[in-house]
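A.B. asks: Next up, run12.cif (mmCIF, C-alpha atoms and all ligand atoms).
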data_my_file
#
loop_
_atom_site.label_atom_id
_atom_site.label_comp_id
_atom_site.auth_asym_id
_atom_site.auth_seq_id
_atom_site.Cartn_x
_atom_site.Cartn_y
_atom_site.Cartn_z
CA MET A 1 -15.70 1.00 -21.57
CA LYS A 2 -14.38 0.95 -18.05
CA LYS A 3 -10.82 2.21 -17.65
CA ALA A 4 -9.62 -1.16 -16.34
CA ASP A 5 -11.10 -2.94 -19.37
CA ARG A 6 -9.56 -0.38 -21.73
CA ILE A 7 -6.11 -0.80 -20.22
CA LYS A 8 -6.42 -4.58 -20.39
CA LYS A 9 -6.84 -4.24 -24.15
CA MET A 10 -3.68 -2.15 -24.61
CA ARG A 11 -0.80 -3.61 -26.55
CA VAL A 12 1.97 -4.78 -24.24
CA PRO A 13 5.20 -2.93 -25.02
CA GLU A 14 8.36 -4.81 -25.94
CA ALA A 15 10.49 -5.62 -22.92
CA ALA A 16 13.05 -2.86 -22.46
CA GLU A 17 16.66 -3.91 -22.28
CA GLY A 18 19.61 -2.57 -20.35
CA LEU A 19 17.57 -1.02 -17.58
CA ASP A 20 18.83 -3.40 -14.90
CA GLY A 21 15.43 -4.38 -13.62
CA ARG A 22 14.59 -0.77 -12.99
CA LEU A 23 11.66 -0.70 -15.40
CA PRO A 24 8.76 -2.87 -14.17
CA PRO A 25 7.29 -5.43 -16.57
CA GLY A 26 5.01 -4.05 -19.29
CA GLN A 27 6.10 -0.43 -18.76
CA VAL A 28 7.54 2.15 -21.22
CA LEU A 29 9.91 4.93 -20.24
CA THR A 30 8.85 8.53 -20.76
CA GLU A 31 10.94 11.64 -20.21
CA ARG A 32 8.07 14.11 -20.03
CA PHE A 33 5.69 14.10 -17.10
CA PRO A 34 2.20 13.00 -18.20
CA ILE A 35 -0.93 14.32 -16.51
CA LEU A 36 -3.71 11.96 -15.52
CA HIS A 37 -6.77 12.36 -13.36
CA GLU A 38 -10.52 12.20 -13.25
CA GLY A 39 -12.56 15.39 -13.50
CA GLU A 40 -11.57 19.03 -13.36
CA VAL A 41 -8.31 20.46 -12.03
CA PRO A 42 -9.15 22.14 -8.71
CA GLN A 43 -7.66 25.53 -7.93
CA TYR A 44 -6.93 26.81 -4.47
CA GLU A 45 -6.10 29.90 -2.59
CA LEU A 46 -3.45 28.57 -0.22
CA SER A 47 -5.34 30.13 2.68
CA ASP A 48 -8.43 28.00 1.84
CA TRP A 49 -6.60 24.69 1.48
CA THR A 50 -6.45 22.37 4.52
CA LEU A 51 -5.50 18.76 5.20
CA THR A 52 -7.64 16.89 7.74
CA VAL A 53 -6.61 13.72 9.57
CA ASP A 54 -9.36 11.66 11.16
CA GLY A 55 -10.69 8.14 11.75
CA LEU A 56 -8.76 6.00 14.25
CA VAL A 57 -6.79 8.84 15.83
CA LYS A 58 -6.92 10.22 19.34
CA GLU A 59 -8.20 13.53 18.04
CA PRO A 60 -8.91 14.63 14.47
CA LYS A 61 -6.63 17.45 13.31
CA THR A 62 -6.65 19.92 10.47
CA PHE A 63 -3.40 21.30 9.03
CA THR A 64 -2.84 24.43 6.98
CA PHE A 65 -0.23 24.67 4.24
CA GLU A 66 1.89 26.71 6.65
CA ASP A 67 1.74 23.87 9.18
CA ILE A 68 3.05 21.49 6.51
CA MET A 69 5.87 23.87 5.57
CA ALA A 70 6.89 24.18 9.23
CA MET A 71 7.57 20.43 9.42
CA PRO A 72 10.95 18.90 8.46
CA GLN A 73 11.42 18.98 4.69
CA THR A 74 12.84 16.12 2.64
CA THR A 75 13.61 15.58 -1.04
CA VAL A 76 13.33 12.11 -2.53
CA VAL A 77 14.40 11.14 -6.05
CA LYS A 78 12.35 8.17 -7.21
CA ASP A 79 11.01 6.37 -10.27
CA ILE A 80 7.25 6.46 -10.81
CA HIS A 81 5.09 3.93 -12.64
CA CYS A 82 1.60 4.53 -13.99
CA VAL A 83 -0.73 1.60 -14.64
CA THR A 84 -1.36 3.03 -18.15
CA ARG A 85 2.20 1.80 -18.81
CA TRP A 86 4.38 4.87 -18.59
CA SER A 87 7.26 5.07 -16.13
CA ARG A 88 9.45 8.06 -15.44
CA PHE A 89 12.82 7.81 -13.73
CA ASP A 90 14.50 10.11 -11.19
CA ASN A 91 11.66 12.37 -10.13
CA ALA A 92 12.68 14.80 -7.41
CA PHE A 93 9.82 15.54 -5.06
CA THR A 94 10.10 17.70 -1.95
CA GLY A 95 7.79 17.80 1.03
CA VAL A 96 7.23 16.15 4.39
CA LEU A 97 7.99 12.47 4.86
CA PHE A 98 4.78 10.72 5.87
CA SER A 99 6.67 9.26 8.84
CA ASP A 100 7.58 12.80 9.98
CA PHE A 101 4.00 14.00 9.45
CA LEU A 102 2.77 11.15 11.66
CA LYS A 103 4.70 12.60 14.60
CA ALA A 104 1.99 15.25 14.79
CA ILE A 105 -0.73 12.61 15.07
CA ASP A 106 -1.70 10.19 17.78
CA VAL A 107 -2.76 7.14 15.79
CA ASP A 108 -4.71 4.35 17.47
CA PRO A 109 -2.49 1.23 17.51
CA GLU A 110 -5.37 -0.73 15.99
CA ALA A 111 -5.16 1.28 12.76
CA ARG A 112 -3.69 -0.69 9.84
CA HIS A 113 -4.79 1.16 6.71
CA VAL A 114 -5.44 4.65 5.47
CA MET A 115 -7.83 6.06 2.95
CA ALA A 116 -6.25 9.10 1.31
CA TYR A 117 -8.78 11.53 -0.17
CA GLY A 118 -8.15 14.16 -2.83
CA ASP A 119 -10.32 16.61 -4.72
CA HIS A 120 -12.60 15.99 -6.50
CA ASP A 121 -14.07 12.91 -4.81
CA TYR A 122 -10.98 10.76 -5.33
CA ASP A 123 -9.78 8.23 -2.80
CA THR A 124 -7.32 5.38 -2.58
CA ASN A 125 -6.40 2.89 0.14
CA ILE A 126 -2.85 2.16 1.33
CA PRO A 127 -1.53 0.04 4.23
CA ILE A 128 0.04 2.20 6.97
CA GLN A 129 3.12 0.00 6.92
CA ASP A 130 3.77 1.07 3.32
CA LEU A 131 3.46 4.73 4.25
CA MET A 132 6.20 4.38 6.88
CA ARG A 133 8.88 3.76 4.22
CA ASP A 134 11.56 6.41 3.87
CA ASP A 135 10.40 7.52 0.41
CA ILE A 136 6.75 8.36 1.08
CA LEU A 137 6.09 12.07 0.88
CA LEU A 138 3.40 14.64 1.25
CA ALA A 139 4.95 16.60 -1.60
CA HIS A 140 4.52 20.27 -2.47
CA SER A 141 7.34 20.56 -5.00
CA PHE A 142 8.63 18.78 -8.07
CA ASP A 143 12.10 19.53 -9.39
CA GLY A 144 12.51 22.27 -6.78
CA LYS A 145 9.41 24.16 -7.89
CA PRO A 146 5.87 24.16 -6.47
CA LEU A 147 3.65 21.50 -8.06
CA THR A 148 1.69 22.81 -11.01
CA ASP A 149 -2.10 22.87 -10.61
CA LYS A 150 -2.41 19.80 -12.85
CA HIS A 151 0.14 17.79 -10.88
CA GLY A 152 -1.60 18.36 -7.57
CA TYR A 153 -0.90 21.86 -6.21
CA PRO A 154 -0.61 22.55 -3.36
CA LEU A 155 0.03 19.07 -1.91
CA ARG A 156 -0.02 15.48 -3.12
CA LEU A 157 0.92 12.12 -1.79
CA ILE A 158 3.88 10.33 -3.38
CA VAL A 159 3.95 6.53 -3.01
CA PRO A 160 6.64 5.58 -5.53
CA HIS A 161 6.66 1.82 -4.93
CA LEU A 162 3.01 1.40 -5.94
CA TYR A 163 1.30 2.30 -9.24
CA PHE A 164 0.92 6.05 -9.43
CA TRP A 165 -2.85 6.12 -8.92
CA LYS A 166 -2.07 5.65 -5.20
CA SER A 167 -0.29 9.03 -5.26
CA VAL A 168 -3.32 11.22 -4.57
CA LYS A 169 -3.17 14.74 -5.99
CA TRP A 170 -4.88 17.69 -4.26
CA ILE A 171 -4.88 15.69 -1.04
CA ARG A 172 -7.40 16.94 1.54
CA ARG A 173 -8.01 14.17 4.03
CA ILE A 174 -6.30 11.12 5.51
CA GLU A 175 -8.53 8.64 7.32
CA PHE A 176 -6.96 6.01 9.57
CA MET A 177 -8.82 2.71 9.53
CA ARG A 178 -8.57 -0.64 11.23
CA ASP A 179 -9.90 -2.58 8.24
CA ASP A 180 -9.01 -2.16 4.62
CA ARG A 181 -11.54 -0.76 2.18
CA PRO A 182 -11.15 -0.22 -1.59
CA GLY A 183 -10.84 3.32 -2.93
CA PHE A 184 -12.01 4.72 -6.26
CA TRP A 185 -9.91 2.73 -8.75
CA GLU A 186 -9.72 -0.27 -6.44
CA GLN A 187 -13.52 -0.52 -6.75
CA ASN A 188 -13.28 -0.12 -10.51
CA GLY A 189 -11.27 -3.11 -11.65
CA PHE A 190 -7.82 -2.16 -10.37
CA HIS A 191 -5.65 -4.08 -7.94
CA ASN A 192 -6.06 -3.40 -4.23
CA TYR A 193 -2.32 -3.19 -3.50
CA ALA A 194 -0.79 -2.26 -6.91
CA ASP A 195 2.88 -3.32 -6.89
CA PRO A 196 4.27 -2.52 -10.37
CA PHE A 197 7.10 -5.05 -10.11
CA ARG A 198 4.57 -7.82 -9.52
CA GLU A 199 2.39 -6.26 -12.21
CA GLN A 200 -0.58 -5.94 -9.90
CA ARG A 201 -2.65 -3.87 -12.31
CA PHE A 202 -6.13 -5.35 -12.13
CA SER A 203 -8.33 -6.90 -9.50
CA GLY A 204 -9.74 -9.59 -11.76
CA GLU A 205 -8.40 -12.13 -14.17
CA GLY A 206 -7.63 -11.74 -17.85
CA PHE A 207 -4.88 -9.85 -19.55
CA ASP A 208 -5.36 -9.61 -23.31
CA MET A 209 -4.28 -6.41 -24.99
CA PRO A 210 -4.46 -4.19 -28.20
CA GLU A 211 -5.09 -0.39 -28.21
CA ASP A 212 -2.60 1.88 -26.49
CA GLU A 213 -3.59 4.54 -24.09
CA TRP A 214 0.03 5.28 -23.21
CA LYS A 215 0.54 7.03 -26.55
CA LYS A 216 -2.23 9.58 -25.94
CA LYS A 217 -0.83 11.56 -23.07
CA ASP A 218 -1.36 15.07 -21.83
CA TYR A 219 1.43 17.24 -20.40
CA ASP A 220 1.64 20.73 -18.93
N1 LIG B 301 -7.14 13.69 -6.63
C1 LIG B 301 -6.73 12.84 -7.60
N2 LIG B 301 -5.49 12.31 -7.50
C2 LIG B 301 -5.04 11.46 -8.46
C3 LIG B 301 -5.87 11.12 -9.56
C4 LIG B 301 -7.17 11.68 -9.61
O1 LIG B 301 -7.98 11.42 -10.54
N3 LIG B 301 -7.55 12.56 -8.62
N4 LIG B 301 -5.38 10.24 -10.52
C5 LIG B 301 -4.29 9.35 -10.14
C6 LIG B 301 -3.67 8.71 -11.27
S1 LIG B 301 -4.59 7.51 -12.03
C7 LIG B 301 -2.38 8.97 -11.64
S2 LIG B 301 -1.60 8.05 -12.84
C8 LIG B 301 -1.61 10.08 -11.04
C9 LIG B 301 -1.10 11.00 -12.13
O2 LIG B 301 -0.35 12.05 -11.60
P1 LIG B 301 0.26 13.13 -12.59
O3 LIG B 301 -0.90 13.76 -13.33
O4 LIG B 301 1.01 14.09 -11.76
O5 LIG B 301 1.14 12.37 -13.56
O6 LIG B 301 -2.39 10.84 -10.14
C10 LIG B 301 -3.21 10.06 -9.31
N5 LIG B 301 -3.81 10.94 -8.32
MO MO B 302 -3.19 6.40 -13.49
#
Could you quickly redo this structure as structure tokens?
Ligand SMILES: Nc1nc2c(c(=O)[nH]1)N[C@H]1C(S)=C(S)[C@@H](COP(=O)(O)O)O[C@H]1N2
Ligand SMILES: [Mo]
C.D. replies:
Amino acid sequence: MKKADRIKKMRVPEAAEGLDGRLPPGQVLTERFPILHEGEVPQYELSDWTLTVDGLVKEPKTFTFEDIMAMPQTTVVKDIHCVTRWSRFDNAFTGVLFSDFLKAIDVDPEARHVMAYGDHDYDTNIPIQDLMRDDILLAHSFDGKPLTDKHGYPLRLIVPHLYFWKSVKWIRRIEFMRDDRPGFWEQNGFHNYADPFREQRFSGEGFDMPEDEWKKKDYD
């Protein structure tokens, strides 16, 4: 069964109380940090890892991990929300604000969207306007320590205001685009924009539950 169809069949958790609107509808709080991705966990020698920026830019550029570390560093503490219904509060990620990273790039004013690519063969689309918020990071650390391999070492995107599948792990390429285009999950039954507070989980209709994927989680 397709992942989107499986998640549609999950039982909807009871509404949580006393969380002051902090927990989006249909989500359950977790204190551990689940691991979710498609395929194998890639492993890198830092010297082999690069991040390429291309598409609607004046000139494509490739950054090393050292280049990223030489940029201004910021820590954000944010809640994250996975479409499989877990949310985790107060996650401290450190890295380079996307808006600071953009200072190194001459983006064509016609560009409106990016496709963010991660290993292995994962991509997701995000409007540039969303990436300019003050909580969007290219993160290398969680809780003051380098990301573990499974959580995206050496660098991942953090887009806390959208479902967590937009937060590409093992990020390798950022393509600037004029027109929007669906990424991996967006082509596979999931919502194009993915706002958890508007419960934008799926691209289609229908929302009947049972089964619960959020109980079978993996952690490191
Ligand atoms: N490269 C890559 N990034 C990815 C994924 C993936 O399969 N590949 N899965 C996404 C999904 S669906 C989620 S919920 C989060 C999970 O991040 P975590 O394992 O650190 O909790 O990573 C996102 N980033
Ligand atoms: Mo996910």
A.B. asks: What residues of the protein or nucleic acid chains come within 7 Å of ligand MO 302 (chain B) when you use all atoms listed in the file? Reply as a list in words.
C.D. replies: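 Checking all atoms listed in the file against ligand MO 302 (chain B) at 7 Å gives Leu36, His37, Cys82, Val83, Thr84, Phe164 and Trp165 of chain A.
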A.B. asks: Enumerate, as a PyMOL selection string, the protein, DNA and RNA residues whose atoms approach (8.1, 8.5, -10.6) to within 12 Å, taking into account only C-alpha atoms and the coordinate frame of the file.
C.D. replies: chain A and resi 22-24+29-34+76-83+86-93+135-136+142-143+157-167+196
A.B. asks: Given the choices A:Leu56, A:Ile128, A:Ile7, A:Leu102, which gets closest to ligand LIG 301 (chain B) if the distance is worked out from all atoms listed in the file?
C.D. replies: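 For ligand LIG 301 (chain B), the nearest of the candidates is A:Ile7.
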A.B. asks: Could you give me the axis-aligned bounding box of range 30-40 of chain A, with 5 Å of padding per side, as centre plus edge lengths in Å to one decimal, as AutoDock Vina command-line options?
C.D. replies:
--center_x -0.8 --center_y 13.8 --center_z -17.0 --size_x 33.5 --size_y 20.5 --size_z 17.5
A.B. asks: Would you pick out the contacts of range 183-194 of chain A at 9 Å or less, using only C-alpha atoms, so that residues sharing its chain but fewer than 5 positions from it are not included, and give the list as a PyMOL selection string?
C.D. replies: chain A and resi 2-5+83+115-117+121-127+161-166+199-204
A.B. asks: Write out as a PDB file with C-alpha atoms, in the frame of the given file which residues come within 8 Å of range 169-179 of chain A when counting all atoms listed in the file, dropping same-chain ones fewer than 5 positions away.
C.D. replies:
ATOM      1  CA  PRO A  42      -9.150  22.140  -8.710  1.00  0.00           C
ATOM      2  CA  TRP A  49      -6.600  24.690   1.480  1.00  0.00           C
ATOM      3  CA  THR A  50      -6.450  22.370   4.520  1.00  0.00           C
ATOM      4  CA  LEU A  51      -5.500  18.760   5.200  1.00  0.00           C
ATOM      5  CA  THR A  52      -7.640  16.890   7.740  1.00  0.00           C
ATOM      6  CA  VAL A  53      -6.610  13.720   9.570  1.00  0.00           C
ATOM      7  CA  ASP A  54      -9.360  11.660  11.160  1.00  0.00           C
ATOM      8  CA  GLY A  55     -10.690   8.140  11.750  1.00  0.00           C
ATOM      9  CA  LEU A  56      -8.760   6.000  14.250  1.00  0.00           C
ATOM     10  CA  VAL A  57      -6.790   8.840  15.830  1.00  0.00           C
ATOM     11  CA  VAL A 107      -2.760   7.140  15.790  1.00  0.00           C
ATOM     12  CA  GLU A 110      -5.370  -0.730  15.990  1.00  0.00           C
ATOM     13  CA  ALA A 111      -5.160   1.280  12.760  1.00  0.00           C
ATOM     14  CA  ARG A 112      -3.690  -0.690   9.840  1.00  0.00           C
ATOM     15  CA  HIS A 113      -4.790   1.160   6.710  1.00  0.00           C
ATOM     16  CA  VAL A 114      -5.440   4.650   5.470  1.00  0.00           C
ATOM     17  CA  MET A 115      -7.830   6.060   2.950  1.00  0.00           C
ATOM     18  CA  ALA A 116      -6.250   9.100   1.310  1.00  0.00           C
ATOM     19  CA  TYR A 117      -8.780  11.530  -0.170  1.00  0.00           C
ATOM     20  CA  GLY A 118      -8.150  14.160  -2.830  1.00  0.00           C
ATOM     21  CA  ASP A 119     -10.320  16.610  -4.720  1.00  0.00           C
ATOM     22  CA  HIS A 151       0.140  17.790 -10.880  1.00  0.00           C
ATOM     23  CA  GLY A 152      -1.600  18.360  -7.570  1.00  0.00           C
ATOM     24  CA  TYR A 153      -0.900  21.860  -6.210  1.00  0.00           C
ATOM     25  CA  PRO A 154      -0.610  22.550  -3.360  1.00  0.00           C
ATOM     26  CA  LEU A 155       0.030  19.070  -1.910  1.00  0.00           C
ATOM     27  CA  ARG A 156      -0.020  15.480  -3.120  1.00  0.00           C
ATOM     28  CA  LEU A 157       0.920  12.120  -1.790  1.00  0.00           C
TER      29      LEU A 157
END
A.B. asks: From the set A:Pro72, A:Arg198, A:Asp149, A:Phe63, which residue has the shortest atom-to-atom contact distance to ligand LIG 301 (chain B), counting all atoms listed in the file?
C.D. replies: A:Asp149
A.B. asks: May I ask which of the residues A:Asp195, A:Asp108, A:Glu40, A:Asp67 is the closest one to ligand LIG 301 (chain B), counting only C-alpha atoms and all ligand atoms?
C.D. replies: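 Ranking A:Asp195, A:Asp108, A:Glu40, A:Asp67 by distance to ligand LIG 301 (chain B), first place goes to A:Glu40.
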A.B. asks: Could you jot down the CA of Ala104 in chain A to CA of Ser47 in chain A separation for me, Å, one decimal place?
C.D. replies: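 If I compute the distance from CA of Ala104 in chain A to CA of Ser47 in chain A, I get 20.5 Å.
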A.B. asks: Point out the residue among A:His120, A:Lys217, A:Arg133, A:Lys61 with the least atom-to-atom distance to ligand LIG 301 (chain B), counting all atoms listed in the file.
C.D. replies: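 Using all atoms listed in the file, the shortest distance to ligand LIG 301 (chain B) belongs to A:His120.
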A.B. asks: Of the residues A:Gln129, A:Arg6, A:Asp218, A:Val168, which is the one nearest to ligand LIG 301 (chain B), using all atoms listed in the file?
C.D. replies: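 Of A:Gln129, A:Arg6, A:Asp218, A:Val168, the one nearest ligand LIG 301 (chain B) is A:Val168, counting all atoms listed in the file.
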A.B. asks: Can you tell me which residues surround Asp134 in chain A at a distance of at most 10 Å, considering all atoms listed in the file, apart from same-chain residues fewer than 5 positions away, and format the answer as an NGL selection string?
C.D. replies: :A and (74 or 76 or 97-100)
